[in-house]
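Below you'll find the structure, written out as structure tokens, and then a few comments.
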Amino acid sequence: MEQGIIVQKVLNNNVVIAAHPTYKEVVLIGKGIGFDRKKGDLVPLDIADKTFLLKNEHEKEQYVNLLNYIDKEIIDFMNDVLFYIEERIGQDLNEHIHVALTDHITFAINRVHKNIHFSNPFLFEIESLYPKEYLVAKEVVEMLNTKFAITFPEGEIGFIALHIHSAVTNKSIKDINQHHKLITQLIQVIKDSLEITIEKGNVNYNRLIQHLHRTIERVHLDEKLGKQNNLANMLKKTYPLCYNLAWKLIKVMQKELNREVNETEALYLTIHLQRLTNNI
């Protein structure tokens with residue numbers, strides 16, 4: 001990357017729009033990057049310990065629009081939060097998080113002030129599937145609570161964790177939410193079929209959720225497990241209830257994902273279901 005770019009407009013002390021020889025117009029976000037600068041100044045990219053470069057045209061426009069209606073204190077603090085998240089996660093974040101999470105937090109703060117609370121039906125599943133993102137999100141909520149003297153509901157930890165996971169994996173929030181809705185649907189089928197109530201702290205329930213997650217991922221990636229004919233015959237005879245339920249889950253996944261699910265997946269689902277029934 002070039003050593004410096006030309007300032008076109010200073011939006012505030014920490015945000016400038018600049019001309020870049022490769023990406024044309026970009027948004028630079030960094031501590032003090034706009035302080036005492038004016039149009040035409042050369043900005044070295046190593047001016048701050050860490051600088052975010054928003055080069056995607058759509059993300060850039062959305063972020064600049066955010067600055068028009070979001071309090072400057074929130075914008076500046078969210079930049080600190082995003083630096084913190086990237087440091088804690090230990091990898092670069094997709095730039096779309098600047099718009100998505102800043103926008104989400106702004107409306108979340110407004111909801112708290114108006115005493116409006118949204119429940120998060122996927123909270124346990126999110127904590128189970130993305131423990132690192134969940135832990136960092138919990139720390140972010142504590143930072144926000146302290147900074148703005150408010151108390152975020154616990155569900156916000158899950159929502160923020162999803163934004164972090166989205167930025168880490170470059171998956172859209174929409175796709176991630178659809179993924180969780182399918183897992184919730186599958187869990188409900190299991191509860192109804194086995195006529196059981198599952199404690200969310202149950203270790204086998206946690207393993208089942210993670211297995212369902214990996215199964216859906218394999219379907220999306222078109223990864224197939226090898227055939228296990230002997231195992232299939234044994235499970236079908238020994239655990240017929242769980243074996244038939246596993247196939248019921250496979251059919252639900254095929255319908256919702258509109259893709260073929262490898263038949264071997266039913267075998268491993270059978271094992272997880274049997275473990276679950278043994279620990280109710």
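Chain identifiers are assigned as A, B, and so on, following the order in which chains appear in the structure tokens; residues are numbered from 1 within each chain, and ligands are numbered from 1 in order of appearance.
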Would you mind listing what lies within 10 Å of stretch 100-112 of chain A as a VMD selection string, with only C-alpha atoms counted and same-chain residues fewer than 3 positions away left out? chain A and resid 59 62 to 63 66 69 to 71 74 to 75 77 to 79 81 to 82 95 to 97 115 to 118 141 144 to 145 148 150 to 153 156 159 to 160 162 to 164 166 to 167 173
Put those residues in a file: N, CA and C atoms, as a compact mmCIF listing (two decimals), in the first residue's frame.
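Everything below was put into selection_28.txt:
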```
# COMPACT_ATOMS: atom_id res chain seq x y z
N GLU A 59 -20.09 0.38 1.32
CA GLU A 59 -19.84 0.53 2.76
C GLU A 59 -19.42 1.96 3.08
N GLN A 62 -22.50 4.26 3.04
CA GLN A 62 -23.33 4.00 4.21
C GLN A 62 -22.71 4.59 5.47
N TYR A 63 -21.40 4.44 5.61
CA TYR A 63 -20.72 4.95 6.80
C TYR A 63 -20.79 6.47 6.85
N LEU A 66 -24.09 7.53 7.94
CA LEU A 66 -24.28 7.33 9.38
C LEU A 66 -23.84 8.55 10.17
N TYR A 69 -26.43 11.37 11.15
CA TYR A 69 -27.52 11.29 12.13
C TYR A 69 -27.15 10.58 13.43
N ILE A 70 -25.90 10.15 13.56
CA ILE A 70 -25.47 9.51 14.79
C ILE A 70 -24.58 10.47 15.58
N ASP A 71 -24.81 10.50 16.88
CA ASP A 71 -24.05 11.37 17.76
C ASP A 71 -22.55 11.13 17.61
N ILE A 74 -20.87 8.72 19.95
CA ILE A 74 -21.08 7.29 19.66
C ILE A 74 -20.14 6.84 18.54
N ILE A 75 -20.04 7.65 17.49
CA ILE A 75 -19.16 7.31 16.37
C ILE A 75 -17.73 7.11 16.86
N PHE A 77 -16.62 6.54 19.91
CA PHE A 77 -16.49 5.41 20.82
C PHE A 77 -16.58 4.09 20.08
N MET A 78 -17.44 4.01 19.07
CA MET A 78 -17.56 2.77 18.29
C MET A 78 -16.27 2.47 17.54
N ASN A 79 -15.56 3.49 17.12
CA ASN A 79 -14.26 3.25 16.50
C ASN A 79 -13.32 2.58 17.49
N VAL A 81 -14.27 0.76 20.01
CA VAL A 81 -14.81 -0.58 20.21
C VAL A 81 -14.35 -1.53 19.11
N LEU A 82 -14.37 -1.06 17.88
CA LEU A 82 -13.99 -1.90 16.75
C LEU A 82 -12.49 -2.22 16.77
N GLU A 95 -14.85 -4.98 6.58
CA GLU A 95 -15.17 -3.58 6.81
C GLU A 95 -16.67 -3.32 6.97
N HIS A 96 -17.53 -4.26 6.57
CA HIS A 96 -18.96 -4.00 6.71
C HIS A 96 -19.40 -3.85 8.17
N ILE A 97 -18.57 -4.32 9.12
CA ILE A 97 -18.94 -4.22 10.53
C ILE A 97 -19.00 -2.76 10.98
N ASN A 115 -36.79 2.10 27.02
CA ASN A 115 -37.21 0.91 27.76
C ASN A 115 -37.88 -0.13 26.85
N ILE A 116 -37.35 -0.24 25.63
CA ILE A 116 -37.82 -1.25 24.68
C ILE A 116 -36.79 -2.37 24.63
N HIS A 117 -37.21 -3.60 24.91
CA HIS A 117 -36.27 -4.71 24.95
C HIS A 117 -36.66 -5.79 23.93
N PHE A 118 -35.69 -6.21 23.13
CA PHE A 118 -35.89 -7.31 22.20
C PHE A 118 -35.29 -8.58 22.81
N VAL A 141 -20.35 -5.09 25.59
CA VAL A 141 -21.55 -4.62 26.30
C VAL A 141 -21.17 -3.95 27.62
N LEU A 144 -19.91 -0.53 26.79
CA LEU A 144 -21.01 0.36 26.43
C LEU A 144 -21.82 0.78 27.66
N ASN A 145 -22.07 -0.18 28.54
CA ASN A 145 -22.82 0.12 29.77
C ASN A 145 -22.11 1.19 30.59
N PHE A 148 -21.95 4.79 28.53
CA PHE A 148 -23.19 5.54 28.37
C PHE A 148 -24.13 5.43 29.58
N ILE A 150 -25.80 3.00 30.96
CA ILE A 150 -27.04 2.29 30.67
C ILE A 150 -26.83 0.81 30.99
N THR A 151 -27.89 0.05 30.88
CA THR A 151 -27.79 -1.40 31.08
C THR A 151 -28.41 -2.11 29.90
N PHE A 152 -27.57 -2.68 29.05
CA PHE A 152 -28.07 -3.43 27.91
C PHE A 152 -28.66 -4.75 28.39
N PRO A 153 -29.77 -5.21 27.77
CA PRO A 153 -30.29 -6.54 28.09
C PRO A 153 -29.32 -7.61 27.63
N GLU A 156 -28.50 -8.56 23.93
CA GLU A 156 -27.63 -7.76 23.08
C GLU A 156 -26.25 -8.40 22.91
N PHE A 159 -26.61 -10.55 19.91
CA PHE A 159 -26.69 -9.79 18.66
C PHE A 159 -25.31 -9.26 18.26
N ILE A 160 -24.57 -8.73 19.22
CA ILE A 160 -23.24 -8.19 18.93
C ILE A 160 -22.29 -9.32 18.54
N LEU A 162 -23.04 -11.96 16.93
CA LEU A 162 -23.34 -12.31 15.53
C LEU A 162 -22.67 -11.32 14.57
N HIS A 163 -22.68 -10.05 14.93
CA HIS A 163 -22.01 -9.06 14.08
C HIS A 163 -20.50 -9.33 14.03
N ILE A 164 -19.93 -9.71 15.16
CA ILE A 164 -18.50 -10.02 15.18
C ILE A 164 -18.22 -11.26 14.34
N SER A 166 -19.98 -12.38 11.89
CA SER A 166 -20.19 -12.00 10.49
C SER A 166 -18.94 -11.33 9.92
N ALA A 167 -18.32 -10.45 10.71
CA ALA A 167 -17.13 -9.73 10.24
C ALA A 167 -15.91 -10.63 10.17
N ILE A 173 -25.29 -11.24 8.03
CA ILE A 173 -26.14 -11.46 9.21
C ILE A 173 -27.40 -12.22 8.80
```
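The two atoms in question, atom CA of A:Arg275 and atom CA of A:Asn204, are spaced 6.5 Å apart.
Interatomic distance, atom CA of A:Phe122 to atom CA of A:Ala149: 26.4 Å.
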Could you give me, as a PyMOL selection string, the residues within 12 Å of stretch 198-202 of chain A, counting only C-alpha atoms and dropping anything in the same chain fewer than 6 positions from it? chain A and resi 122-125+127-128+187-188+190-192+208-209+273+275-280
Keeping only C-alpha atoms, take the residues you just selected and write them out as a PDB file, in the first residue's frame.
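In the end it all went to again35.pdb:
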```pdb
ATOM      1  CA  PHE A 122     -30.774 -17.831  19.835  1.00  0.00           C
ATOM      2  CA  LEU A 123     -28.755 -16.634  22.825  1.00  0.00           C
ATOM      3  CA  PHE A 124     -27.701 -20.042  24.141  1.00  0.00           C
ATOM      4  CA  GLU A 125     -27.011 -21.372  20.654  1.00  0.00           C
ATOM      5  CA  GLU A 127     -22.835 -18.748  23.012  1.00  0.00           C
ATOM      6  CA  SER A 128     -22.398 -22.444  22.229  1.00  0.00           C
ATOM      7  CA  ILE A 187     -34.281 -28.700  18.018  1.00  0.00           C
ATOM      8  CA  GLN A 188     -38.050 -28.247  18.241  1.00  0.00           C
ATOM      9  CA  ILE A 190     -36.329 -33.279  18.449  1.00  0.00           C
ATOM     10  CA  LYS A 191     -38.197 -32.088  21.537  1.00  0.00           C
ATOM     11  CA  ASP A 192     -41.583 -32.891  20.017  1.00  0.00           C
ATOM     12  CA  LEU A 208     -25.813 -31.650  19.386  1.00  0.00           C
ATOM     13  CA  ILE A 209     -26.148 -27.948  18.514  1.00  0.00           C
ATOM     14  CA  LEU A 273     -29.559 -38.072  19.719  1.00  0.00           C
ATOM     15  CA  ARG A 275     -26.420 -39.510  23.870  1.00  0.00           C
ATOM     16  CA  LEU A 276     -29.014 -36.844  24.507  1.00  0.00           C
ATOM     17  CA  THR A 277     -31.744 -39.317  25.500  1.00  0.00           C
ATOM     18  CA  ASN A 278     -29.350 -41.065  27.896  1.00  0.00           C
ATOM     19  CA  ASN A 279     -28.758 -37.832  29.794  1.00  0.00           C
ATOM     20  CA  ILE A 280     -32.253 -36.355  30.081  1.00  0.00           C
TER      21      ILE A 280
END
```
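Note that DSSP on the backbone gives strand (DSSP E) to these residues of stretch 38-219 of chain A: Leu42, Val43, Pro44, Thr51, Phe52, Leu53 and Leu54 of chain A.
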Would you save the residues from that selection as a PDB file, in the first residue's frame, using N, CA and C atoms?
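Generated file (part-v2.pdb):
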```pdb
ATOM      1  N   LEU A  42      -1.320  15.525   2.747  1.00  0.00           N
ATOM      2  CA  LEU A  42      -0.903  14.132   2.581  1.00  0.00           C
ATOM      3  C   LEU A  42      -0.995  13.437   3.938  1.00  0.00           C
ATOM      4  N   VAL A  43      -1.715  12.296   3.953  1.00  0.00           N
ATOM      5  CA  VAL A  43      -1.883  11.547   5.202  1.00  0.00           C
ATOM      6  C   VAL A  43      -1.111  10.234   5.105  1.00  0.00           C
ATOM      7  N   PRO A  44      -0.105  10.053   5.953  1.00  0.00           N
ATOM      8  CA  PRO A  44       0.589   8.760   5.971  1.00  0.00           C
ATOM      9  C   PRO A  44      -0.293   7.700   6.603  1.00  0.00           C
ATOM     10  N   THR A  51      -5.287   1.772  11.761  1.00  0.00           N
ATOM     11  CA  THR A  51      -6.192   2.568  10.931  1.00  0.00           C
ATOM     12  C   THR A  51      -7.071   1.642  10.099  1.00  0.00           C
ATOM     13  N   PHE A  52      -8.366   1.900  10.134  1.00  0.00           N
ATOM     14  CA  PHE A  52      -9.281   1.153   9.281  1.00  0.00           C
ATOM     15  C   PHE A  52      -9.420   1.878   7.953  1.00  0.00           C
ATOM     16  N   LEU A  53      -9.381   1.123   6.888  1.00  0.00           N
ATOM     17  CA  LEU A  53      -9.534   1.676   5.544  1.00  0.00           C
ATOM     18  C   LEU A  53     -10.804   1.120   4.935  1.00  0.00           C
ATOM     19  N   LEU A  54     -11.813   1.983   4.739  1.00  0.00           N
ATOM     20  CA  LEU A  54     -13.064   1.552   4.117  1.00  0.00           C
ATOM     21  C   LEU A  54     -12.973   1.849   2.628  1.00  0.00           C
TER      22      LEU A  54
END
```
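Residues lying within 6 Å of A:Lys9, counting only C-alpha atoms and ignoring same-chain neighbours fewer than 4 positions away, are A:Val16, A:Ile17, A:Lys39.
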So that I have them on file, write out the residues from the current selection with N, CA and C atoms, as an mmCIF file, in the first residue's frame.
```cif
data_model
loop_
_atom_site.group_PDB
_atom_site.id
_atom_site.type_symbol
_atom_site.label_atom_id
_atom_site.label_comp_id
_atom_site.auth_asym_id
_atom_site.auth_seq_id
_atom_site.Cartn_x
_atom_site.Cartn_y
_atom_site.Cartn_z
ATOM 1 N N VAL A 16 -11.585 10.751 7.957
ATOM 2 C CA VAL A 16 -11.386 11.606 6.786
ATOM 3 C C VAL A 16 -11.737 10.840 5.524
ATOM 4 N N ILE A 17 -12.163 11.579 4.516
ATOM 5 C CA ILE A 17 -12.318 11.026 3.170
ATOM 6 C C ILE A 17 -11.080 11.437 2.384
ATOM 7 N N LYS A 39 -8.104 19.841 3.360
ATOM 8 C CA LYS A 39 -8.110 19.295 2.008
ATOM 9 C C LYS A 39 -6.748 19.510 1.342
#
```
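If you look at atom CA of A:Glu154 and atom CA of A:Glu73, they are 23.4 Å away from each other.
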Could I get the residues of stretch 159-238 of chain A with an atom no further than 9 Å from an atom of stretch 256-260 of chain A, each paired with its nearest atom pair and that distance in Å to one decimal, using only C-alpha atoms, sorted by chain and residue number, as CSV?
```
residue,atom,partner,partner_atom,distance
A:Leu182,CA,A:Glu256,CA,7.5
A:Ile216,CA,A:Leu257,CA,8.5
A:Val219,CA,A:Arg259,CA,7.3
A:His220,CA,A:Arg259,CA,8.2
A:Asp222,CA,A:Glu260,CA,8.8
```
Could you take the residues named above and write them with N, CA and C atoms, as a tab-separated table (two decimals), in the first residue's frame?
```
chain	number	residue	atom	x	y	z
A	182	LEU	N	-32.95	-22.42	11.40
A	182	LEU	CA	-33.04	-23.82	11.02
A	182	LEU	C	-32.64	-24.72	12.20
A	216	ILE	N	-24.91	-28.46	8.72
A	216	ILE	CA	-25.42	-27.45	7.79
A	216	ILE	C	-24.27	-26.83	7.00
A	219	VAL	N	-23.25	-29.15	4.27
A	219	VAL	CA	-24.22	-29.12	3.16
A	219	VAL	C	-23.95	-27.92	2.26
A	220	HIS	N	-23.71	-26.76	2.88
A	220	HIS	CA	-23.43	-25.54	2.09
A	220	HIS	C	-22.15	-25.69	1.28
A	222	ASP	N	-20.95	-28.50	0.27
A	222	ASP	CA	-21.05	-29.72	-0.53
A	222	ASP	C	-19.99	-30.75	-0.14
```
Contacts of A:His213 within 8 Å, only C-alpha atoms, excl. fewer than 4 positions in-chain, as a PDB file with C-alpha atoms, in the first residue's frame:
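Just written: part.pdb:
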```
ATOM      1  CA  LEU A 129     -21.422 -21.995  18.582  1.00  0.00           C
ATOM      2  CA  HIS A 179     -28.830 -20.795   9.873  1.00  0.00           C
ATOM      3  CA  ILE A 183     -31.170 -25.136  14.071  1.00  0.00           C
ATOM      4  CA  ILE A 209     -26.148 -27.948  18.514  1.00  0.00           C
ATOM      5  CA  GLU A 217     -21.970 -26.052   6.999  1.00  0.00           C
TER       6      GLU A 217
END
```
With only C-alpha atoms as the counted atoms, please give the residues lying no more than 10 Å from A:Leu231, apart from itself and same-chain residues fewer than 5 positions off, as a PyMOL selection string. chain A and resi 236+264+267-268
Quick one: write out the picked residues with N, CA and C atoms as a tab-separated table (two decimals), in the first residue's frame?
```tsv
chain	number	residue	atom	x	y	z
A	236	LYS	N	-29.41	-48.70	13.15
A	236	LYS	CA	-30.81	-48.91	12.78
A	236	LYS	C	-31.46	-49.96	13.67
A	264	THR	N	-24.98	-40.26	5.23
A	264	THR	CA	-24.14	-40.61	6.38
A	264	THR	C	-24.34	-39.65	7.55
A	267	LEU	N	-26.33	-40.98	10.45
A	267	LEU	CA	-25.69	-41.89	11.40
A	267	LEU	C	-25.11	-41.13	12.59
A	268	TYR	N	-24.40	-40.06	12.30
A	268	TYR	CA	-23.79	-39.28	13.38
A	268	TYR	C	-24.85	-38.53	14.18
```
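Distances to A:Thr184 were evaluated for A:Glu139, A:Met253, A:Glu223, A:Val7 using only C-alpha atoms, and the minimum falls at A:Met253.
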Could you give me, as a ChimeraX atom specification, the residues within 12 Å of A:Pro240, counting only C-alpha atoms and dropping anything in the same chain fewer than 3 positions from it? /A:232-237,243-247,266-267,270-271,273-274
Export of prior selection with C-alpha atoms as a compact mmCIF listing (two decimals), in the first residue's frame:
```
# COMPACT_ATOMS: atom_id res chain seq x y z
CA ALA A 232 -25.78 -47.87 9.63
CA ASN A 233 -27.05 -51.43 10.11
CA MET A 234 -26.01 -51.47 13.76
CA LEU A 235 -27.59 -48.11 14.62
CA LYS A 236 -30.81 -48.91 12.78
CA LYS A 237 -31.24 -52.09 14.83
CA TYR A 243 -32.25 -43.44 13.80
CA ASN A 244 -35.72 -42.62 12.42
CA LEU A 245 -35.64 -39.18 14.07
CA ALA A 246 -32.26 -38.49 12.48
CA TRP A 247 -33.74 -39.16 9.06
CA ALA A 266 -28.04 -39.45 9.71
CA LEU A 267 -25.69 -41.89 11.40
CA THR A 270 -28.35 -40.81 15.59
CA ILE A 271 -25.37 -41.08 17.92
CA LEU A 273 -29.56 -38.07 19.72
CA GLN A 274 -28.93 -41.28 21.65
```
Using only C-alpha atoms, can you tell me which of A:Lys132, A:Gln185, A:His272, A:His58 comes closest to A:Asn206? A:His272
DSSP-assigned alpha helix (DSSP H) among stretch 50-183 of chain A, expressed as number ranges by chain: A: 57-69, 72-89, 96-113, 123-129, 131-148, 155-169, 173-183
